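> Have a peek at my_file-v7.pdb (PDB, C-alpha atoms).
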```
ATOM      1  CA  MET A1160     -58.615  39.002 -18.331
ATOM      2  CA  SER A1161     -55.520  41.136 -18.716
ATOM      3  CA  ILE A1162     -53.569  40.756 -21.967
ATOM      4  CA  TYR A1163     -50.387  40.379 -19.948
ATOM      5  CA  LEU A1164     -51.864  37.487 -17.984
ATOM      6  CA  ILE A1165     -52.909  35.759 -21.183
ATOM      7  CA  ILE A1166     -49.422  36.198 -22.684
ATOM      8  CA  GLY A1167     -47.894  34.827 -19.483
ATOM      9  CA  LEU A1168     -50.139  31.742 -19.542
ATOM     10  CA  VAL A1169     -49.267  31.113 -23.197
ATOM     11  CA  ILE A1170     -45.536  31.279 -22.444
ATOM     12  CA  VAL A1171     -45.901  28.863 -19.509
ATOM     13  CA  LEU A1172     -47.886  26.422 -21.605
ATOM     14  CA  LEU A1173     -45.298  26.630 -24.381
ATOM     15  CA  LEU A1174     -42.514  25.877 -21.902
ATOM     16  CA  VAL A1175     -44.429  22.916 -20.478
ATOM     17  CA  SER A1176     -45.140  21.662 -23.993
ATOM     18  CA  GLN A1177     -41.444  21.959 -24.934
ATOM     19  CA  PHE A1178     -40.459  20.099 -21.772
ATOM     20  CA  VAL A1179     -42.878  17.261 -22.553
ATOM     21  CA  VAL A1180     -41.580  17.076 -26.127
ATOM     22  CA  SER A1181     -37.985  16.997 -24.870
ATOM     23  CA  ILE A1182     -38.766  14.142 -22.482
ATOM     24  CA  ARG A1183     -40.456  12.225 -25.285
ATOM     25  CA  LEU A1184     -37.446  12.735 -27.603
ATOM     26  CA  LEU A1185     -35.054  11.586 -24.864
ATOM     27  CA  GLU A1186     -37.122   8.451 -24.304
ATOM     28  CA  GLN A1187     -37.254   7.724 -28.030
ATOM     29  CA  ASN A1188     -33.491   8.159 -28.438
ATOM     30  CA  LYS A1189     -32.384   6.706 -25.117
ATOM     31  CA  LYS A1190     -30.356   3.885 -26.649
ATOM     32  CA  GLY A1191     -28.467   6.180 -29.014
ATOM     33  CA  LEU A1192     -27.765   8.729 -26.285
ATOM     34  CA  LEU A1193     -26.401   6.057 -23.960
ATOM     35  CA  GLU A1194     -24.146   4.808 -26.734
ATOM     36  CA  MET A1195     -22.946   8.373 -27.366
ATOM     37  CA  TYR A1196     -22.191   8.908 -23.667
ATOM     38  CA  GLY A1197     -20.308   5.612 -23.621
ATOM     39  CA  ILE A1198     -18.208   6.636 -26.626
ATOM     40  CA  LEU A1199     -17.435  10.036 -25.077
ATOM     41  CA  GLY A1200     -16.545   8.379 -21.770
ATOM     42  CA  ARG A1201     -14.191   5.890 -23.414
ATOM     43  CA  ALA A1202     -12.571   8.666 -25.458
ATOM     44  CA  ASP A1203     -12.088  10.738 -22.317
ATOM     45  CA  ALA A1204     -10.556   7.763 -20.508
ATOM     46  CA  ILE A1205      -8.207   7.038 -23.437
ATOM     47  CA  ILE A1206      -7.053  10.661 -23.524
ATOM     48  CA  ALA A1207      -6.492  10.659 -19.749
ATOM     49  CA  GLY A1208      -4.563   7.372 -19.978
ATOM     50  CA  ALA A1209      -2.405   8.653 -22.831
ATOM     51  CA  SER A1210      -1.668  11.875 -20.940
ATOM     52  CA  PHE A1211      -0.721   9.892 -17.841
ATOM     53  CA  ARG A1212       1.587   7.624 -19.848
ATOM     54  CA  ALA A1213       3.249  10.661 -21.443
ATOM     55  CA  SER A1214       4.033  12.065 -17.993
ATOM     56  CA  LEU A1215       5.866   8.910 -16.831
ATOM     57  CA  PRO A1216       9.618   8.318 -17.089
ATOM     58  CA  TYR A1217       8.817   4.751 -18.183
ATOM     59  CA  TYR A1218       6.087   2.133 -17.912
ATOM     60  CA  CYS A1219       5.231  -1.364 -19.102
ATOM     61  CA  THR A1220       2.252  -3.514 -19.912
ATOM     62  CA  PRO A1221       1.833  -6.050 -17.092
ATOM     63  CA  ASN A1222       2.066  -9.764 -17.694
ATOM     64  CA  ILE A1223      -0.996 -11.264 -16.004
ATOM     65  CA  LEU A1224      -0.370 -14.979 -15.601
ATOM     66  CA  THR A1225      -2.956 -17.568 -16.533
ATOM     67  CA  ALA A1226      -4.177 -20.287 -14.192
ATOM     68  CA  ALA A1227      -1.908 -22.798 -15.966
ATOM     69  CA  GLU A1228       1.276 -20.800 -15.202
ATOM     70  CA  PRO A1229       3.210 -20.878 -11.894
ATOM     71  CA  PRO A1230       1.819 -17.966  -9.806
ATOM     72  CA  THR A1231       5.104 -16.162  -9.122
ATOM     73  CA  ILE A1232       5.332 -12.384  -8.724
ATOM     74  CA  HIS A1233       8.264 -10.682 -10.436
ATOM     75  CA  ILE A1234       8.791  -6.901 -10.350
ATOM     76  CA  GLU A1235      11.660  -4.968 -11.935
ATOM     77  CA  GLU A1236      12.419  -1.280 -11.307
ATOM     78  CA  ALA A1237       9.024  -0.379  -9.908
ATOM     79  CA  ILE A1238       8.426   3.258  -8.922
ATOM     80  CA  HIS A1239       5.668   5.260  -7.227
ATOM     81  CA  PRO A1240       3.816   7.783  -9.442
ATOM     82  CA  LEU A1241       3.672  10.509  -6.769
ATOM     83  CA  ILE A1242       7.328  10.440  -5.666
ATOM     84  CA  ASP A1243       9.647  12.713  -7.635
ATOM     85  CA  ASN A1244      12.856  10.976  -8.750
ATOM     86  CA  CYS A1245      11.617   7.783  -7.123
ATOM     87  CA  VAL A1246      14.303   5.126  -6.621
ATOM     88  CA  PRO A1247      13.280   1.972  -8.549
ATOM     89  CA  ASN A1248      13.284  -1.384  -6.767
ATOM     90  CA  ASN A1249      13.066  -5.049  -7.733
ATOM     91  CA  ILE A1250      11.537  -7.997  -5.946
ATOM     92  CA  THR A1251      10.501 -11.562  -6.739
ATOM     93  CA  ILE A1252       7.951 -13.351  -4.565
ATOM     94  CA  PRO A1253       7.803 -17.129  -5.017
ATOM     95  CA  ASN A1254       4.493 -18.860  -4.620
ATOM     96  CA  GLY A1255       3.949 -19.843  -0.983
ATOM     97  CA  LYS A1256       6.434 -17.322   0.425
ATOM     98  CA  GLY A1257       5.655 -14.112   2.293
ATOM     99  CA  ILE A1258       7.864 -11.013   2.335
ATOM    100  CA  LEU A1259       8.939  -9.418   5.619
ATOM    101  CA  ILE A1260      10.526  -5.975   5.311
ATOM    102  CA  THR A1261      12.455  -4.393   8.150
ATOM    103  CA  GLY A1262      14.250  -1.080   7.997
ATOM    104  CA  SER A1263      15.326   2.011   9.815
ATOM    105  CA  ASN A1264      13.130   5.088  10.032
ATOM    106  CA  MET A1265      12.618   7.084   6.813
ATOM    107  CA  SER A1266      14.393   4.394   4.802
ATOM    108  CA  GLY A1267      11.513   3.549   2.467
ATOM    109  CA  LYS A1268       9.589   0.558   3.892
ATOM    110  CA  THR A1269       6.119   2.080   3.687
ATOM    111  CA  SER A1270       6.777   3.768   0.338
ATOM    112  CA  PHE A1271       7.797   0.414  -1.121
ATOM    113  CA  LEU A1272       4.579  -1.215   0.133
ATOM    114  CA  ARG A1273       2.600   1.555  -1.529
ATOM    115  CA  THR A1274       4.614   1.225  -4.734
ATOM    116  CA  VAL A1275       3.848  -2.483  -4.979
ATOM    117  CA  GLY A1276       0.186  -1.973  -4.075
ATOM    118  CA  ILE A1277      -0.522   0.833  -6.523
ATOM    119  CA  ASN A1278       1.184  -1.037  -9.351
ATOM    120  CA  ILE A1279      -0.892  -4.148  -8.670
ATOM    121  CA  LEU A1280      -3.972  -1.914  -8.801
ATOM    122  CA  PHE A1281      -2.860  -0.251 -12.046
ATOM    123  CA  ALA A1282      -1.956  -3.601 -13.606
ATOM    124  CA  GLN A1283      -5.456  -4.974 -13.185
ATOM    125  CA  SER A1284      -7.420  -1.791 -13.898
ATOM    126  CA  LEU A1285      -5.370   0.222 -16.421
ATOM    127  CA  SER A1286      -3.150  -2.535 -17.874
ATOM    128  CA  LEU A1287      -0.257  -0.247 -17.010
ATOM    129  CA  CYS A1288       2.605  -0.494 -14.514
ATOM    130  CA  LEU A1289       5.266   1.966 -13.469
ATOM    131  CA  ALA A1290       8.020  -0.613 -13.867
ATOM    132  CA  ARG A1291      10.311  -2.172 -16.455
ATOM    133  CA  GLU A1292       8.678  -5.549 -15.948
ATOM    134  CA  PHE A1293       5.679  -6.558 -13.885
ATOM    135  CA  THR A1294       4.451 -10.153 -13.743
ATOM    136  CA  ILE A1295       1.636 -11.203 -11.408
ATOM    137  CA  PRO A1296      -1.213 -13.701 -11.249
ATOM    138  CA  PRO A1297      -4.740 -12.260 -10.891
ATOM    139  CA  LEU A1298      -4.857 -10.820  -7.353
ATOM    140  CA  ARG A1299      -7.357  -9.408  -4.877
ATOM    141  CA  LEU A1300      -5.601  -6.489  -3.169
ATOM    142  CA  PHE A1301      -6.009  -5.579   0.527
ATOM    143  CA  SER A1302      -4.060  -3.041   2.580
ATOM    144  CA  TYR A1303      -3.474  -2.556   6.298
ATOM    145  CA  MET A1304      -2.092   0.970   6.295
ATOM    146  CA  ARG A1305      -2.936   4.277   7.966
ATOM    147  CA  ILE A1306      -5.222   2.681  10.537
ATOM    148  CA  LYS A1307      -6.963   5.284  12.745
ATOM    149  CA  ASP A1308      -8.832   5.100  16.009
ATOM    150  CA  ASP A1309     -12.524   5.992  16.146
ATOM    151  CA  VAL A1310     -13.246   8.373  19.013
ATOM    152  CA  GLN A1311     -16.956   8.736  18.269
ATOM    153  CA  GLY A1312     -17.363   4.994  17.815
ATOM    154  CA  GLY A1313     -15.450   4.254  21.019
ATOM    155  CA  LYS A1314     -12.864   2.103  19.232
ATOM    156  CA  SER A1315      -9.191   2.328  20.107
ATOM    157  CA  TYR A1316      -6.358   2.088  17.596
ATOM    158  CA  PHE A1317      -5.746  -1.538  18.587
ATOM    159  CA  ILE A1318      -9.414  -2.493  18.164
ATOM    160  CA  ARG A1319      -9.401  -0.991  14.660
ATOM    161  CA  GLU A1320      -6.305  -3.074  13.915
ATOM    162  CA  VAL A1321      -8.013  -6.220  15.171
ATOM    163  CA  GLU A1322     -11.113  -5.535  13.055
ATOM    164  CA  ARG A1323      -9.071  -5.017   9.910
ATOM    165  CA  LEU A1324      -7.011  -8.158  10.445
ATOM    166  CA  TYR A1325     -10.157 -10.183  11.118
ATOM    167  CA  GLU A1326     -11.393  -9.078   7.678
ATOM    168  CA  PHE A1327      -8.093 -10.277   6.183
ATOM    169  CA  LEU A1328      -8.428 -13.685   7.839
ATOM    170  CA  SER A1329     -11.984 -14.053   6.559
ATOM    171  CA  GLU A1330     -10.947 -13.135   3.017
ATOM    172  CA  ALA A1331      -7.994 -15.543   3.140
ATOM    173  CA  GLN A1332     -10.260 -18.367   4.279
ATOM    174  CA  ASN A1333     -13.004 -17.762   1.724
ATOM    175  CA  ASN A1334     -11.049 -16.651  -1.351
ATOM    176  CA  ARG A1335      -7.801 -17.499  -3.125
ATOM    177  CA  HIS A1336      -5.121 -15.308  -4.723
ATOM    178  CA  ASN A1337      -5.191 -12.450  -2.219
ATOM    179  CA  PHE A1338      -2.360  -9.960  -1.782
ATOM    180  CA  PHE A1339      -2.157  -8.468   1.725
ATOM    181  CA  LEU A1340      -0.080  -5.355   2.413
ATOM    182  CA  LEU A1341       0.555  -4.731   6.114
ATOM    183  CA  ASP A1342       2.450  -1.834   7.675
ATOM    184  CA  GLU A1343       3.522  -2.169  11.333
ATOM    185  CA  ILE A1344       1.115  -4.919  12.358
ATOM    186  CA  PHE A1345      -0.352  -4.626  15.899
ATOM    187  CA  LYS A1346       1.477  -1.351  16.523
ATOM    188  CA  GLY A1347      -1.173  -0.471  19.103
ATOM    189  CA  THR A1348      -0.109  -2.971  21.783
ATOM    190  CA  ASN A1349       2.933  -3.984  23.844
ATOM    191  CA  THR A1350       6.055  -5.533  22.331
ATOM    192  CA  ILE A1351       5.748  -9.122  23.580
ATOM    193  CA  GLU A1352       2.103  -9.588  22.614
ATOM    194  CA  ARG A1353       2.624  -7.678  19.356
ATOM    195  CA  VAL A1354       5.411 -10.011  18.227
ATOM    196  CA  ALA A1355       3.518 -13.132  19.319
ATOM    197  CA  ALA A1356       0.236 -12.114  17.698
ATOM    198  CA  ALA A1357       1.912 -10.814  14.544
ATOM    199  CA  THR A1358       3.804 -14.085  14.100
ATOM    200  CA  ALA A1359       0.604 -16.123  14.374
ATOM    201  CA  VAL A1360      -1.458 -13.889  12.061
ATOM    202  CA  LEU A1361       1.210 -13.497   9.367
ATOM    203  CA  SER A1362       1.979 -17.207   9.389
ATOM    204  CA  HIS A1363      -1.720 -18.048   9.010
ATOM    205  CA  LEU A1364      -2.308 -15.539   6.200
ATOM    206  CA  SER A1365       0.712 -16.813   4.292
ATOM    207  CA  SER A1366      -0.499 -20.410   4.514
ATOM    208  CA  GLN A1367      -3.899 -19.644   2.973
ATOM    209  CA  ASP A1368      -2.827 -19.471  -0.690
ATOM    210  CA  SER A1369      -2.310 -15.719  -0.355
ATOM    211  CA  TYR A1370       0.624 -13.364  -0.799
ATOM    212  CA  VAL A1371       1.663 -11.359   2.251
ATOM    213  CA  MET A1372       4.034  -8.380   2.323
ATOM    214  CA  ALA A1373       4.579  -6.852   5.762
ATOM    215  CA  ALA A1374       6.795  -4.010   6.972
ATOM    216  CA  THR A1375       7.839  -3.965  10.629
ATOM    217  CA  HIS A1376      10.360  -2.703  13.176
ATOM    218  CA  ASP A1377      10.083  -5.993  15.087
ATOM    219  CA  VAL A1378      13.153  -7.819  13.798
ATOM    220  CA  GLU A1379      12.283 -10.796  16.013
ATOM    221  CA  LEU A1380       9.728 -11.705  13.358
ATOM    222  CA  ILE A1381      12.540 -12.534  10.930
ATOM    223  CA  ARG A1382      13.644 -15.487  13.047
ATOM    224  CA  LEU A1383      10.137 -16.551  14.028
ATOM    225  CA  LEU A1384       8.881 -16.552  10.428
ATOM    226  CA  GLU A1385      12.030 -17.680   8.640
ATOM    227  CA  ASP A1386      10.382 -20.843   7.264
ATOM    228  CA  SER A1387       7.552 -19.039   5.502
ATOM    229  CA  PHE A1388       8.842 -15.496   4.886
ATOM    230  CA  ASP A1389      11.810 -14.102   2.965
ATOM    231  CA  ALA A1390      13.459 -11.163   4.727
ATOM    232  CA  TYR A1391      14.368  -7.857   3.085
ATOM    233  CA  TYR A1392      15.396  -4.513   4.550
ATOM    234  CA  PHE A1393      16.024  -0.832   3.852
ATOM    235  CA  SER A1394      18.822   1.087   5.573
ATOM    236  CA  GLU A1395      20.695   4.368   5.560
ATOM    237  CA  GLU A1396      24.351   5.287   5.043
ATOM    238  CA  ILE A1397      26.127   7.571   7.508
ATOM    239  CA  SER A1398      29.137   9.476   6.136
ATOM    240  CA  GLU A1399      32.224  10.532   8.060
ATOM    241  CA  GLY A1400      30.655  13.936   8.618
ATOM    242  CA  GLU A1401      27.720  12.205  10.350
ATOM    243  CA  ALA A1402      25.402  13.093   7.475
ATOM    244  CA  ILE A1403      22.613  10.569   6.859
ATOM    245  CA  HIS A1404      21.902   9.393   3.334
ATOM    246  CA  PHE A1405      19.024   7.082   2.420
ATOM    247  CA  SER A1406      19.534   4.998  -0.697
ATOM    248  CA  HIS A1407      15.913   3.742  -0.611
ATOM    249  CA  LYS A1408      17.120   0.493  -2.217
ATOM    250  CA  ILE A1409      15.713  -2.778  -0.939
ATOM    251  CA  LYS A1410      18.246  -5.415   0.128
ATOM    252  CA  LYS A1411      17.952  -9.110   0.888
ATOM    253  CA  GLY A1412      18.302 -10.105   4.551
ATOM    254  CA  GLY A1413      17.493  -8.607   7.938
ATOM    255  CA  LEU A1414      18.244  -5.190   9.384
ATOM    256  CA  LYS A1415      21.383  -5.191  11.522
ATOM    257  CA  GLN A1416      21.266  -1.709  13.009
ATOM    258  CA  GLY A1417      18.607   0.932  13.565
ATOM    259  CA  ASN A1418      18.854   4.686  13.374
ATOM    260  CA  ALA A1419      16.279   6.092  15.821
ATOM    261  CA  ILE A1420      18.844   7.510  18.239
ATOM    262  CA  LYS A1421      21.076   8.602  15.373
ATOM    263  CA  LEU A1422      18.172  10.635  13.987
ATOM    264  CA  LEU A1423      17.702  12.330  17.371
ATOM    265  CA  GLU A1424      21.336  13.299  17.183
ATOM    266  CA  TYR A1425      20.993  14.432  13.575
ATOM    267  CA  PHE A1426      18.140  16.770  14.556
ATOM    268  CA  GLN A1427      20.322  18.151  17.368
ATOM    269  CA  PHE A1428      18.498  16.860  20.431
ATOM    270  CA  PRO A1429      20.319  17.844  23.644
ATOM    271  CA  ARG A1430      23.476  15.763  24.147
ATOM    272  CA  PRO A1431      22.415  14.459  27.602
ATOM    273  CA  ILE A1432      19.324  12.879  26.011
ATOM    274  CA  ILE A1433      21.428  11.202  23.306
ATOM    275  CA  ASP A1434      23.961   9.886  25.838
ATOM    276  CA  GLN A1435      21.267   8.554  28.154
ATOM    277  CA  ALA A1436      19.460   6.843  25.291
ATOM    278  CA  LEU A1437      22.662   5.169  24.074
ATOM    279  CA  ASP A1438      23.529   4.070  27.606
ATOM    280  CA  LEU A1439      20.077   2.574  28.172
ATOM    281  CA  LYS A1440      20.176   0.815  24.802
ATOM    282  CA  GLY A1441      23.489  -0.798  25.716
ATOM    283  CA  LYS A1442      22.154  -1.962  29.085
ATOM    284  CA  MET A1443      18.989  -3.370  27.520
ATOM    285  CA  LEU A1444      20.948  -5.303  24.905
ATOM    286  CA  SER A1445      23.228  -6.803  27.569
ATOM    287  CA  ASP A1446      20.330  -7.773  29.836
ATOM    288  CA  ASP A1447      19.948 -11.556  29.980
ATOM    289  CA  LYS A1448      16.175 -11.185  29.831
ATOM    290  CA  LEU A1449      16.542  -9.563  26.422
ATOM    291  CA  ALA A1450      19.290 -11.838  25.152
ATOM    292  CA  ASN A1451      16.915 -13.670  22.839
ATOM    293  CA  LYS A1452      16.094 -10.462  21.000
ATOM    294  CA  GLU A1453      18.624 -10.652  18.226
ATOM    295  CA  ASN A1454      19.695  -7.595  16.222
ATOM    296  CA  ILE A1455      17.473  -5.120  18.062
ATOM    297  CA  PRO A1456      17.834  -1.876  16.082
TER     298      PRO A1456
END
```
Translate the structure described by the file into structure tokens.

Amino acid sequence: MSIYLIIGLVIVLLLVSQFVVSIRLLEQNKKGLLEMYGILGRADAIIAGASFRASLPYYCTPNILTAAEPPTIHIEEAIHPLIDNCVPNNITIPNGKGILITGSNMSGKTSFLRTVGINILFAQSLSLCLAREFTIPPLRLFSYMRIKDDVQGGKSYFIREVERLYEFLSEAQNNRHNFFLLDEIFKGTNTIERVAAATAVLSHLSSQDSYVMAATHDVELIRLLEDSFDAYYFSEEISEGEAIHFSHKIKKGGLKQGNAIKLLEYFQFPRPIIDQALDLKGKMLSDDKLANKENIP
């Protein structure tokens, strides 16, 4: 047998022997190694949390209510962590009341939903909120945002909406203390059925010992849900020079005027299109068949 072959076999056997010894040592010290990994993981998480806190303009420790306390939600000067110079907003949600948010385009409805949602998540996972004050009961968080159709699965946008809302209804029926965030409910269907179905679903969710916060362009919902939902809105300010400024501040009440056509004008769409749109809007608002649609933006 060649000397080189013998040397090679010896090296292989040594490597196998070292591997077996290593496995045996790992098994013998498994408990200590797991404890060490846990300590390193906690230290890494603490460092990451401290770095995140240091990057924030301000934050607070959330007040998580006990079962003996009234389950009211109170939020002061909440901001979103990914929005530079985010405008802080306040809101109080009494127990048994939903929140319906209307607003013109680009005014901040969806961003506010995300701000509330991410702070609820942070409150219950990191014990940290991007707010001056944040008081909530223990909550199970669900969101109805960025719904997409499924081409390969043969499911339309509306069907995906229906599936998601069915999950919400099941959760509301089987569990308490849910918080549902909904952005443009039933956007995938026609106006009349959208308003009717949205009214029924939102009313049912709100009555199931759950919190509901919904953003919508359908201002008819304000009147239809006035007994169970408080109305808030976001709007823009238009200066004398026709410049559009968004304050991104939430206000109590319902939206009185929209800005869709004004934004077409701001982005310099052809004047005939603007004039035709304004003319049609005026005719639609004066139509007796649409007279029950109050404050259409």
> Exactly which residues make up the result of the PyMOL selection byres ((chain A and resi 1409-1413) around 10) on this file, given as a ChimeraX atom specification?
/A:1246-1250,1259-1262,1266-1268,1271,1378-1382,1389-1394,1406-1408,1414-1416,1454
> Can you measure CA of Leu1193 in chain A to CA of Val1180 in chain A for me? One decimal in Å is fine.
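Calculated distance between CA of Leu1193 in chain A and CA of Val1180 in chain A is 18.9 Å.
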> Determine the nearest neighbour of Pro1296 in chain A from the options A:Val1179, A:Ile1223, A:Met1265, A:Leu1324, counting all atoms listed in the file.
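Nearest candidate to Pro1296 in chain A out of A:Val1179, A:Ile1223, A:Met1265, A:Leu1324: A:Ile1223.
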> Distance cut-off 10 Å, centre (-1.1, -13.9, 10.7) in file coordinates, counting only C-alpha atoms: which residues qualify? Return them as a list in words.
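It turns out the residues near that spot are Leu1324, Tyr1325, Phe1327, Leu1328, Ile1344, Ala1355, Ala1356, Ala1357, Thr1358, Ala1359, Val1360, Leu1361, Ser1362, His1363, Leu1364, Ser1365, Ser1366 and Val1371 of chain A.
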> By how many Å are CA of Leu1300 in chain A and CA of Gly1312 in chain A apart?
26.7 Å
> Could you check how far CA of Ser1302 in chain A sits from CA of Glu1236 in chain A, in Å to one decimal?
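Atom-to-atom, CA of Ser1302 in chain A and CA of Glu1236 in chain A are spaced 21.6 Å apart.
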> When you count only C-alpha atoms, which of these residues is closest to Pro1221 in chain A: A:Met1304, A:Val1354, A:Leu1285, A:Ala1419?
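Looking only at the distances to Pro1221 in chain A, the closest residue turns out to be A:Leu1285.
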